[in-house]
Amino acid sequence: MERLTPLATAFLDAEDVDPRASLAIGSLAVFEGPAPPFEEFVELIAGRLVLIPRYRQKLRTVPLGLAAPAWVDDPDFDIRWHIRNTALPQPGGPQEIGRLMSRVMSRRMNRDRPLWEYWFCEGLPDGRWALLSKLHHSVVDGVSGTDLYQLVLDPTRTPRPPVPDTWVPAPEPSTLSVTAQAAWELATSPLPAVRAVAGSLADPRRLARLTAETARGLLSMSSALRPVRSTSLTGPLEGSRRYTWTDISLADVRIVRAAYGVTVNDVALAAVTGGFRQLLLSRGEEPDAHALRSLVPVSTREPGAESIPDNRVSLMLPYLPVDLADPHERLQAVRERVRGLRARHEPEAGGSVTTVAEYGPFPPVSWGIRLGMRLPQRQVATVTTNVPGPRSTLYALGREVQEMLPYVPIADRVRIGVAMFSYRDTLTFGITGDYDTTPDLNVLADGIAASMAELLAVAREAG
């Protein structure tokens, strides 16, 4: 059986610790009209299921928590349970889309079934329609989740034929066999670690370098134990969510990047920083230099591994400089802080921690994760994730995908999260907020757009 990694299991544990949280990630793909018949759409997805085996697998837990949950075939798989049909109330604009995203993504997923849902949504203006894709974070990360679009959708207007499918579910293992296998894995758990150490000793120079880099990274991450300054951005969450978005032109981002020798991610984070600054000011709060530490996921996937459905991410924990009023100074501060964390190997340290956890016996690793989650979290004020999406146009049943809106879940006292996603020549910022405490979420969205406009104006003046 293929088991979840400790990182993937942590996304399940987060829901167990906070029963109001939903750790599903998602996106809304908006298509040109007219909408196809719902049954035709179901047939399209059915013809691609063989390409995504995880869509017909469910989680099987292990008694007494002896091992991580495993993926097993769902003998009762029903595609119509996973593909839902809905329609937006008129006029089907941004407010209605935001409510749909909030309603669907706030609801927790049924763990007795495969952890995915597709919502076929009609009622958008001009006869357009949308596909809301919802997957639990234990199944995929942002990169592998995005890659699924390449399997489900088409690169041209001509639909690909359905893939021959002879799938028959494997018999579900008995409780006795699951428990026995977990006990055996627990008894032999030191062996993989021994092999890994032996393999590392074969290249002592590389081992010494990796050890030094990890030590530097862990030392850097230890500074994040200091709580952020108290603001309205953190605190208890209600359970329901708000959602909005804004987008900017990647061509404008490239102008700023070229003018200042920064990265696309630097520009995006600087725009987000400006948006949060505006949000704090609108709430009558002084933007403090230590008010906005962000969890920034970093992909650890090797090239060519984008399609593997699992979680391969590390993280950085930079302070975003909301205290700086000048847009150029904010951009340079973001650039230096991200560069500094990379130079101190913070992402490598995070990756090493998750790798080591995979070699350890599962029960104590799981207990440690759960204990850590039960402690009050006061070190992170937001999450900002940037996932590169498809650069070329995608289609479904001959209809063009016109835009894609990303969704990132929030939990554990983080009241706002921002997901950045690029499709073709547009960078979209999907913003998730706690329902009770973020009625002004559009202030952040407008602030991000305004911050980007400031950066563009300054870059053009400098050029």
# chains A, B, ... in the order shown; residues from 1 in each chain; ligands from 1
>>> residues_around(residues="Ser240 (chain A)", least_positions_apart="2", cutoff="10 Å", atoms="only C-alpha atoms", output="PyMOL selection string")
chain A and resi 20-22+102-103+105-107+237-238+242+433-436
>>> residues_around(residues="Ala24 (chain A)", least_positions_apart="4", cutoff="8 Å", atoms="only C-alpha atoms", output="PyMOL selection string")
chain A and resi 105+108-109+134-137+408-409
>>> write_last_selection(atoms="N, CA and C atoms", output="CSV table (one decimal), in the first residue's frame")
chain,number,residue,atom,x,y,z
A,105,MET,N,-15.7,25.5,-0.7
A,105,MET,CA,-14.4,25.2,-0.2
A,105,MET,C,-14.4,25.2,1.4
A,108,ARG,N,-16.0,20.6,4.7
A,108,ARG,CA,-15.0,19.6,4.8
A,108,ARG,C,-15.4,18.4,3.9
A,109,MET,N,-14.4,17.7,3.5
A,109,MET,CA,-14.6,16.6,2.6
A,109,MET,C,-14.8,15.3,3.3
A,134,LYS,N,-11.8,21.0,-6.6
A,134,LYS,CA,-11.6,20.9,-5.1
A,134,LYS,C,-10.9,19.6,-4.8
A,135,LEU,N,-9.7,19.7,-4.2
A,135,LEU,CA,-8.9,18.5,-3.8
A,135,LEU,C,-8.4,18.7,-2.4
A,136,HIS,N,-8.4,17.7,-1.6
A,136,HIS,CA,-7.8,17.8,-0.3
A,136,HIS,C,-6.3,18.0,-0.4
A,137,HIS,N,-5.7,18.8,0.5
A,137,HIS,CA,-4.3,19.1,0.4
A,137,HIS,C,-3.4,17.9,0.7
A,408,VAL,N,-6.6,29.2,-1.6
A,408,VAL,CA,-5.7,28.6,-0.6
A,408,VAL,C,-6.5,28.5,0.7
A,409,PRO,N,-6.4,27.4,1.4
A,409,PRO,CA,-7.1,27.3,2.7
A,409,PRO,C,-6.4,28.0,3.8
>>> residues_around(residues="region 1-9 of chain A", least_positions_apart="6", cutoff="6 Å", atoms="only C-alpha atoms", output="NGL selection string")
:A and (68-71 or 138)
>>> write_last_selection(atoms="C-alpha atoms", output="JSON list (two decimals), in the first residue's frame")
[["chain", "number", "residue", "atom", "x", "y", "z"],
["A", 68, "ALA", "CA", 0.18, 6.58, 8.19],
["A", 69, "PRO", "CA", -3.09, 6.20, 6.29],
["A", 70, "ALA", "CA", -2.78, 4.41, 2.96],
["A", 71, "TRP", "CA", -4.43, 4.81, -0.43],
["A", 138, "SER", "CA", -3.25, 15.59, 1.52]]
>>> select_by_dssp(residues="region 284-338 of chain A", states="alpha helix (DSSP H)", output="number ranges by chain")
A: 327-338
>>> atom_distance(atom1="CA of Arg111 (chain A)", atom2="CA of Val418 (chain A)")
26.1 Å
>>> closest_residue(among="A:Val143, A:Val256, A:Pro19, A:Gly127", to="Glu302 (chain A)", atoms="only C-alpha atoms")
A:Val143
>>> atom_distance(atom1="CA of Glu96 (chain A)", atom2="CA of Pro125 (chain A)")
11.1 Å
>>> closest_residue(among="A:Gly26, A:Gly417, A:Pro173, A:Gly235", to="Val296 (chain A)", atoms="only C-alpha atoms")
A:Gly417
>>> closest_residue(among="A:Ala381, A:Val414, A:Gln150, A:Val267", to="Val253 (chain A)", atoms="only C-alpha atoms")
A:Val267
